[in-house]
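Next comes model.cif, a file with mmCIF, C-alpha atoms and all ligand atoms.
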```cif
data_target
#
loop_
_atom_site.label_atom_id
_atom_site.label_comp_id
_atom_site.auth_asym_id
_atom_site.auth_seq_id
_atom_site.Cartn_x
_atom_site.Cartn_y
_atom_site.Cartn_z
CA MET A 1065 -34.61 3.63 -53.60
CA ASP A 1066 -36.10 7.10 -53.23
CA LEU A 1067 -36.76 8.34 -49.73
CA LYS A 1068 -39.99 10.09 -48.87
CA ALA A 1069 -40.78 12.25 -45.83
CA PHE A 1070 -43.40 10.86 -43.48
CA ALA A 1071 -44.88 12.73 -40.50
CA VAL A 1072 -44.54 10.60 -37.38
CA ASP A 1073 -45.25 10.84 -33.67
CA LEU A 1074 -43.67 7.81 -32.03
CA HIS A 1075 -44.53 8.43 -28.39
CA ILE A 1076 -48.23 8.50 -27.55
CA HIS A 1077 -49.87 7.12 -24.41
CA SER A 1078 -53.30 5.52 -24.27
CA CYS A 1079 -55.77 5.33 -21.39
CA LEU A 1080 -53.89 2.21 -20.27
CA SER A 1081 -51.22 4.47 -18.79
CA PRO A 1082 -52.56 5.65 -15.43
CA CYS A 1083 -51.49 9.19 -16.30
CA GLY A 1084 -53.04 8.93 -19.79
CA ASP A 1085 -56.33 10.79 -20.16
CA ILE A 1086 -59.50 8.71 -20.20
CA ASP A 1087 -60.21 10.12 -23.69
CA MET A 1088 -57.07 8.40 -25.06
CA THR A 1089 -59.12 5.50 -26.40
CA PRO A 1090 -58.09 3.48 -29.46
CA ASN A 1091 -60.68 5.20 -31.69
CA ASN A 1092 -59.91 8.69 -30.42
CA ILE A 1093 -56.14 8.26 -30.81
CA VAL A 1094 -56.41 6.95 -34.36
CA ASN A 1095 -58.97 9.58 -35.40
CA MET A 1096 -57.01 12.45 -33.86
CA SER A 1097 -53.80 11.23 -35.50
CA LEU A 1098 -55.58 11.25 -38.87
CA LEU A 1099 -56.99 14.74 -38.22
CA LYS A 1100 -53.50 15.96 -37.37
CA GLY A 1101 -52.27 14.52 -40.65
CA LEU A 1102 -49.81 12.00 -39.27
CA ASP A 1103 -48.55 9.15 -41.44
CA ALA A 1104 -47.33 6.93 -38.61
CA ILE A 1105 -47.78 6.72 -34.85
CA GLY A 1106 -46.01 4.88 -32.07
CA ILE A 1107 -48.07 3.90 -29.04
CA ALA A 1108 -45.90 3.50 -25.96
CA ASP A 1109 -47.73 2.97 -22.70
CA HIS A 1110 -45.84 2.62 -19.45
CA ASN A 1111 -44.56 -0.95 -19.07
CA SER A 1112 -47.45 -2.51 -21.00
CA ALA A 1113 -48.57 -3.30 -24.55
CA LYS A 1114 -52.13 -4.36 -23.79
CA ASN A 1115 -53.87 -1.63 -25.79
CA LEU A 1116 -51.93 -2.28 -28.98
CA PRO A 1117 -54.19 -4.97 -30.50
CA GLY A 1118 -57.28 -2.72 -30.63
CA ILE A 1119 -55.30 0.24 -31.90
CA GLU A 1120 -53.60 -1.92 -34.54
CA LYS A 1121 -56.95 -3.02 -36.02
CA LEU A 1122 -58.17 0.58 -36.27
CA ALA A 1123 -54.90 1.92 -37.64
CA LYS A 1124 -54.89 -0.78 -40.33
CA GLU A 1125 -58.45 0.11 -41.40
CA ALA A 1126 -57.50 3.79 -41.53
CA GLY A 1127 -54.24 3.30 -43.45
CA LEU A 1128 -52.22 4.72 -40.56
CA THR A 1129 -48.91 3.02 -39.77
CA LEU A 1130 -48.56 1.80 -36.19
CA VAL A 1131 -45.18 1.15 -34.63
CA PRO A 1132 -45.90 -1.06 -31.60
CA GLY A 1133 -44.10 0.27 -28.53
CA ILE A 1134 -43.72 0.24 -24.77
CA GLU A 1135 -42.22 2.97 -22.57
CA VAL A 1136 -40.28 0.90 -20.07
CA ASN A 1137 -39.26 2.30 -16.70
CA THR A 1138 -36.04 0.35 -16.12
CA LYS A 1139 -34.57 -0.43 -12.72
CA GLU A 1140 -32.29 2.60 -13.13
CA GLU A 1141 -35.55 4.66 -13.29
CA ILE A 1142 -34.80 5.54 -16.89
CA HIS A 1143 -37.66 5.78 -19.38
CA VAL A 1144 -36.72 3.80 -22.46
CA LEU A 1145 -38.88 3.39 -25.54
CA ALA A 1146 -38.92 -0.13 -26.94
CA TYR A 1147 -40.23 -0.48 -30.50
CA PHE A 1148 -41.21 -3.73 -32.14
CA GLN A 1149 -41.94 -5.01 -35.64
CA LYS A 1150 -45.09 -6.75 -34.48
CA VAL A 1151 -47.75 -6.25 -31.81
CA GLU A 1152 -47.28 -9.85 -30.67
CA ASP A 1153 -43.60 -9.15 -29.89
CA ALA A 1154 -44.61 -6.13 -27.80
CA LEU A 1155 -47.20 -8.23 -25.97
CA PHE A 1156 -44.59 -10.91 -25.27
CA VAL A 1157 -42.17 -8.40 -23.76
CA GLY A 1158 -45.03 -6.66 -21.94
CA ASP A 1159 -45.86 -9.93 -20.17
CA LYS A 1160 -42.23 -10.38 -19.13
CA LEU A 1161 -42.13 -6.82 -17.79
CA TYR A 1162 -45.34 -7.33 -15.84
CA GLU A 1163 -43.79 -10.30 -14.02
CA LYS A 1164 -40.90 -8.05 -13.02
CA LEU A 1165 -43.07 -5.15 -11.87
CA PRO A 1166 -43.34 -4.71 -8.11
CA ASP A 1167 -46.50 -6.22 -6.70
CA ILE A 1168 -48.07 -2.87 -5.86
CA LYS A 1169 -51.72 -2.41 -6.75
CA ASN A 1170 -52.81 0.65 -8.68
CA ASN A 1171 -54.81 3.16 -6.67
CA GLU A 1172 -57.19 4.40 -9.37
CA LYS A 1173 -58.23 7.47 -7.38
CA LEU A 1174 -54.64 8.57 -6.95
CA PHE A 1175 -53.02 7.57 -10.24
CA GLY A 1176 -55.93 7.04 -12.66
CA GLU A 1177 -57.44 3.98 -14.26
CA GLN A 1178 -55.42 1.49 -16.34
CA LEU A 1179 -57.99 0.51 -18.95
CA VAL A 1180 -57.60 -2.16 -21.62
CA LEU A 1181 -59.94 -1.32 -24.52
CA ASN A 1182 -60.71 -3.15 -27.73
CA GLU A 1183 -61.19 -1.67 -31.19
CA PHE A 1184 -64.72 -0.61 -30.20
CA ASP A 1185 -63.41 1.29 -27.18
CA GLU A 1186 -65.09 -1.31 -24.97
CA GLU A 1187 -63.39 -2.14 -21.70
CA THR A 1188 -62.00 -5.67 -21.79
CA GLY A 1189 -59.89 -5.43 -18.66
CA ARG A 1190 -58.03 -3.35 -16.11
CA ILE A 1191 -54.41 -3.82 -15.11
CA GLU A 1192 -54.00 -4.48 -11.40
CA LYS A 1193 -50.39 -3.59 -10.66
CA LEU A 1194 -49.39 0.07 -10.88
CA LEU A 1195 -47.73 0.38 -14.28
CA ILE A 1196 -45.60 3.47 -13.66
CA ASN A 1197 -43.25 1.78 -11.19
CA ALA A 1198 -39.74 0.70 -12.17
CA VAL A 1199 -39.48 -2.81 -13.61
CA ASP A 1200 -36.73 -5.05 -12.24
CA ILE A 1201 -34.83 -5.06 -15.52
CA SER A 1202 -31.70 -3.09 -16.44
CA ILE A 1203 -31.56 -1.02 -19.59
CA GLU A 1204 -28.92 -3.48 -20.85
CA GLU A 1205 -31.13 -6.53 -20.25
CA LEU A 1206 -34.04 -4.74 -21.90
CA GLY A 1207 -31.86 -3.95 -24.90
CA TYR A 1208 -30.94 -7.62 -25.37
CA MET A 1209 -34.54 -8.77 -25.04
CA VAL A 1210 -35.82 -6.26 -27.59
CA LYS A 1211 -32.95 -6.79 -30.03
CA ARG A 1212 -33.58 -10.55 -30.09
CA LEU A 1213 -37.03 -9.72 -31.50
CA ASN A 1214 -35.52 -7.36 -34.11
CA GLY A 1215 -36.80 -4.36 -32.23
CA VAL A 1216 -34.92 -1.32 -30.96
CA ILE A 1217 -34.61 0.71 -27.77
CA VAL A 1218 -34.52 4.51 -27.74
CA PRO A 1219 -33.86 6.47 -24.53
CA ALA A 1220 -36.92 8.68 -23.99
CA HIS A 1221 -36.97 12.48 -23.49
CA ILE A 1222 -33.24 12.65 -22.72
CA ASP A 1223 -33.57 16.41 -22.11
CA ARG A 1224 -35.87 15.93 -19.11
CA ARG A 1225 -34.64 16.32 -15.56
CA SER A 1226 -36.23 13.11 -14.34
CA PHE A 1227 -36.56 9.58 -15.67
CA SER A 1228 -34.04 10.27 -18.44
CA ILE A 1229 -30.76 8.52 -19.19
CA ILE A 1230 -28.80 11.79 -18.85
CA SER A 1231 -30.43 12.84 -15.58
CA ASN A 1232 -29.97 9.39 -14.05
CA ILE A 1233 -26.63 8.05 -15.30
CA GLY A 1234 -25.23 11.08 -17.08
CA PHE A 1235 -24.17 9.41 -20.32
CA ILE A 1236 -25.12 6.70 -22.82
CA PRO A 1237 -22.96 3.59 -22.32
CA ASP A 1238 -21.41 2.39 -25.61
CA GLU A 1239 -22.21 -1.24 -24.90
CA LEU A 1240 -25.92 -0.50 -25.21
CA ASN A 1241 -25.35 0.07 -28.92
CA ILE A 1242 -27.92 2.84 -28.97
CA LYS A 1243 -28.01 4.94 -32.15
CA THR A 1244 -31.15 7.05 -31.66
CA VAL A 1245 -32.37 9.20 -28.78
CA GLU A 1246 -35.63 11.03 -28.18
CA HIS A 1247 -35.99 14.74 -27.45
CA SER A 1248 -39.16 16.18 -25.96
CA SER A 1249 -41.18 18.19 -28.46
CA SER A 1250 -40.58 21.29 -26.32
CA TYR A 1251 -36.79 20.95 -26.31
CA VAL A 1252 -34.95 23.73 -28.09
CA LYS A 1253 -31.35 23.25 -29.18
CA GLY A 1254 -29.03 25.32 -26.99
CA GLN A 1255 -31.13 24.90 -23.86
CA ASN A 1256 -28.82 22.34 -22.35
CA PRO A 1257 -25.21 22.03 -23.59
CA LEU A 1258 -24.78 18.52 -22.14
CA VAL A 1259 -27.90 17.29 -23.93
CA ASP A 1260 -26.71 18.87 -27.17
CA MET A 1261 -23.21 17.43 -26.83
CA ILE A 1262 -24.45 13.89 -26.15
CA SER A 1263 -27.16 14.09 -28.80
CA SER A 1264 -24.73 15.11 -31.52
CA GLY A 1265 -23.63 11.50 -32.00
CA TYR A 1266 -27.16 10.14 -32.42
CA ARG A 1267 -30.19 10.23 -34.64
CA ILE A 1268 -32.77 12.35 -32.84
CA ILE A 1269 -36.50 11.76 -32.86
CA ARG A 1270 -38.96 14.29 -31.50
CA SER A 1271 -42.26 13.04 -30.21
CA SER A 1272 -45.19 14.45 -28.29
CA ASP A 1273 -45.28 12.04 -25.31
CA ALA A 1274 -49.00 12.85 -25.53
CA HIS A 1275 -51.15 11.96 -22.54
CA TYR A 1276 -54.07 14.04 -23.90
CA LEU A 1277 -55.58 14.03 -27.39
CA HIS A 1278 -54.73 17.65 -28.17
CA GLN A 1279 -51.05 16.97 -27.42
CA ILE A 1280 -50.63 14.53 -30.32
CA SER A 1281 -48.18 16.04 -32.83
CA GLU A 1282 -49.21 17.65 -36.08
CA ARG A 1283 -47.11 17.27 -39.20
CA GLU A 1284 -44.03 18.64 -37.47
CA PHE A 1285 -41.48 15.84 -37.21
CA PHE A 1286 -40.58 13.84 -40.30
CA MET A 1287 -38.64 10.68 -41.02
CA HIS A 1288 -37.25 10.01 -44.48
CA LEU A 1289 -38.10 6.45 -45.34
CA GLU A 1290 -38.14 4.03 -48.23
CA GLU A 1291 -41.64 3.06 -47.21
CA ASN A 1292 -44.07 3.90 -44.47
CA THR A 1293 -43.85 0.69 -42.43
CA PRO A 1294 -42.83 -0.21 -38.87
CA GLU A 1295 -39.91 -2.18 -40.34
CA ALA A 1296 -38.56 0.83 -42.24
CA ILE A 1297 -38.95 3.11 -39.21
CA ILE A 1298 -37.22 0.64 -36.86
CA LYS A 1299 -34.43 0.19 -39.41
CA LYS A 1300 -33.70 3.94 -39.23
CA LEU A 1301 -33.77 3.90 -35.43
CA ILE A 1302 -31.28 1.00 -35.41
CA GLU A 1303 -28.99 2.62 -38.01
CA GLY A 1304 -28.91 6.00 -36.32
CA LYS A 1305 -27.50 9.02 -38.08
ZN ZN B 1401 -41.45 9.10 -19.89
ZN ZN B 1402 -44.22 8.84 -22.13
#
```

Exercise: express the given structure as structure tokens:
Amino acid sequence: MDLKAFAVDLHIHSCLSPCGDIDMTPNNIVNMSLLKGLDAIGIADHNSAKNLPGIEKLAKEAGLTLVPGIEVNTKEEIHVLAYFQKVEDALFVGDKLYEKLPDIKNNEKLFGEQLVLNEFDEETGRIEKLLINAVDISIEELGYMVKRLNGVIVPAHIDRRSFSIISNIGFIPDELNIKTVEHSSSYVKGQNPLVDMISSGYRIIRSSDAHYLHQISEREFFMHLEENTPEAIIKKLIEGK
């Protein structure tokens, strides 16, 4: 089958992430992604999937592909993107993660609000526990859980000096069966020889990690796919290079 290039940004935060701007509402994210000309987006809030249902409804109406995601902070303090075929799978894993989050309440003044919004941008809830803490789950356990649901894990922003698999454990263990890694959109090849050396064995995705609307990518990173669906995107992330 012929492959076509689709513009994707697979790492966007909503206002559910305490560090996500209050303007990162479901409607604003979907509308900005359309304005930027994206074909597919991945929403990956810290340790939670609760804003995916509203965003999914809007994305569907707009003809924008949504890859349901979560940016998990594992017990090794590594940020790992988990992508799922279906929003319900992300919600299922999100609930498991929440049980394993330390029982520390969010301080909204310090960290920001953790708002759950529906497809009308109406507040339907607030998450109590602080979502940016590390969940009591290893990257290996997370990998098994996500794989069982036919999803995939991708180490996030591996070029960053904190919360990345390279900064925290220095390598990517083979047994994790990881085939794709994420680079920050600002990373330039040659900046870090270790990052380049490790990355050379993997498919690389570049995403915005947007916490503000203006940070959402334009048509700058493309995936070559048989079709523009979450299944086809996840298939590539599983296959790797
Ligand atoms: Zn991160
Ligand atoms: Zn992020």

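Distances to Gln1279 of chain A were evaluated for A:Phe1184, A:Ile1222, A:Cys1079, A:Ser1249 using only C-alpha atoms, and the minimum falls at A:Ser1249.
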
Could you give me, as JSON lines, every segment 1198-1245 of chain A residue with an atom at most 12 Å from segment 1098-1120 of chain A, plus its closest atom pair and distance in Å to one decimal, counting all atoms listed in the file, rows ordered by chain then number?
```
{"residue": "A:Ala1198", "atom": "CA", "partner": "A:Asn1111", "partner_atom": "CA", "distance": 8.6}
{"residue": "A:Val1199", "atom": "CA", "partner": "A:Asn1111", "partner_atom": "CA", "distance": 7.7}
{"residue": "A:Asp1200", "atom": "CA", "partner": "A:Asn1111", "partner_atom": "CA", "distance": 11.2}
{"residue": "A:Ile1201", "atom": "CA", "partner": "A:Asn1111", "partner_atom": "CA", "distance": 11.1}
{"residue": "A:Leu1206", "atom": "CA", "partner": "A:Asn1111", "partner_atom": "CA", "distance": 11.5}
{"residue": "A:Ile1217", "atom": "CA", "partner": "A:Ala1108", "partner_atom": "CA", "distance": 11.8}
{"residue": "A:Val1218", "atom": "CA", "partner": "A:Ala1108", "partner_atom": "CA", "distance": 11.6}
{"residue": "A:Ala1220", "atom": "CA", "partner": "A:Ala1108", "partner_atom": "CA", "distance": 10.6}
```

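Take the candidates A:Asp1066, A:Glu1152, A:Asp1185, A:Asp1223 and check each one against ligand ZN 1401 (chain B) using all atoms listed in the file; the shortest distance goes to A:Asp1223.
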
Q.
Let me see if you get this right: every residue at most 12 Å from ligand ZN 1401 (chain B), counting only C-alpha atoms and all ligand atoms, written as a PyMOL selection string.
A. chain A and resi 1075-1077+1081+1083-1084+1108-1111+1134-1138+1141-1146+1196-1198+1218-1229+1246-1248+1271-1275

Q.
For a test of reading the model, state the distance in Å between atom CA of Pro1166 of chain A and atom CA of Tyr1276 of chain A, rounded to one decimal.
A. 26.8 Å

Q: Would you mind telling me which residue in A:Leu1194, A:Gly1254, A:Asp1260, A:Ile1280 lies nearest to ligand ZN 1402 (chain B) when using all atoms listed in the file?
A: A:Ile1280

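Picture a line from atom CA of Lys1068 of chain A to atom CA of Leu1128 of chain A; it runs 15.7 Å.
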
(Q) From (-35.8, -2.6, -34.5), in the file's coordinates, out to 8 Å: which residues are reached, counting all atoms listed in the file? Answer as a PyMOL selection string. (A) chain A and resi 1147-1149+1210-1211+1213-1217+1295+1298-1299+1301-1302

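Between atom CA of Lys1121 of chain A and atom CA of Ala1069 of chain A lies a distance of 24.3 Å.
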
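Using all atoms listed in the file for every distance, the candidate list A:Ile1262, A:Met1287, A:Glu1125, A:Val1131 yields A:Val1131 as the residue closest to Asp1153 of chain A.
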
Q: Using only C-alpha atoms, pick whichever of A:Asn1092, A:Lys1139, A:Pro1082, A:Met1261 has the shortest atom-to-atom distance to Lys1173 of chain A.
A: A:Pro1082

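Of the residues listed (A:Val1094, A:Lys1193, A:Gly1133, A:Thr1089), A:Gly1133 shows the shortest atom-to-atom separation from ligand ZN 1402 (chain B); distances use all atoms listed in the file.
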